[in-house]
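Engineer: Please see the structure below; I have some questions.
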Amino acid sequence: MNAPGTSRRGGTTPPRARRPAAADTRAALADAAALRFGRHGYKGASVRDIARDAGVDAALVYRHFGSKEALFAAVSTSTALFEPLRGLPLEDVAEWVRDIVANAPGGDEEVPHPVLSVLRSSDREEAVGRLREEITEVFTESFARRLDGPDAALRAELLSAWLLGATLMRMALRTPALGSAPPGALLRYLRAGIDPLLNPPDGYDRSGSR
């Protein structure tokens, strides 16, 4: 056998360029698409521009995702954002929400917010259904199982409303008070609303009344 880098005639052969792994290419395309869709919406972001941002040929978008619509769906899901809720201690949830709201990206570098993705989708009904399924799986089913007491599914969905609403106002509407709130004040008010959802006060029955 020849040693690496040598030919049968004894000469050296140039090393082959290492091709990026398929997973790396897919991740690069997803990152580029998230920024493009966030800045320009579905119609304003072209496959060619996304591929150029990722440093690959446009054909790889179709190889890895099948279509522009499928790529949009892949980067517009919310489950990655919500994933920590599956194991996060309940006493840390309010602070986790505070961190997400306080650090929500803005300006040209924002990624598509789940609600904005629905509004910008070329198929609104399908996008609404997809987001509803994600919220149902993460909050109504998975997170609700971690909550003691009555109305666990309702309380879990109300937590999702806090998270989606606050981040939407900061990322899209950019309201001044929420955008400039000190972290301590933000956490204090978030706890006031979120803690009762995680641990309802004694005396609440299933109807929500005392």
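By convention here, the chains of the structure tokens are called A, B, ... in the order presented, each chain's residues are numbered starting at 1, and ligands are numbered starting at 1 in the order presented.
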Find the spatial neighbours of segment 154-168 of chain A, counting only C-alpha atoms, within a cut-off of 10 Å - ignore same-chain residues fewer than 2 positions away - and output them as a VMD selection string.
Structural biologist: chain A and resid 78 82 93 to 94 96 to 98 100 to 105 113 to 116 135 to 136 138 to 147 149 to 152 170 to 175 178 to 179 190 193 to 200
Engineer: Which residue out of A:Lys68, A:Arg191, A:Arg52, A:Arg36 has the minimum interatomic distance to Glu91 of chain A when only C-alpha atoms are used?
Structural biologist: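 Among A:Lys68, A:Arg191, A:Arg52, A:Arg36, it is A:Arg191 that comes nearest to Glu91 of chain A.
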Engineer: Between atom CA of Gly184 of chain A and atom CA of Leu85 of chain A, what distance in Å does the model show, to one decimal?
Structural biologist: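 If I compute the distance from atom CA of Gly184 of chain A to atom CA of Leu85 of chain A, I get 21.6 Å.
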Engineer: Between atom CA of Arg48 of chain A and atom CA of Arg124 of chain A, measure the distance and give it in Å to one decimal.
Structural biologist: 23.7 Å
Engineer: One decimal, Å: what's the distance from atom CA of Leu29 of chain A over to atom CA of Ala54 of chain A, could you say?
Structural biologist: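 Atom-to-atom, atom CA of Leu29 of chain A and atom CA of Ala54 of chain A are spaced 5.4 Å apart.
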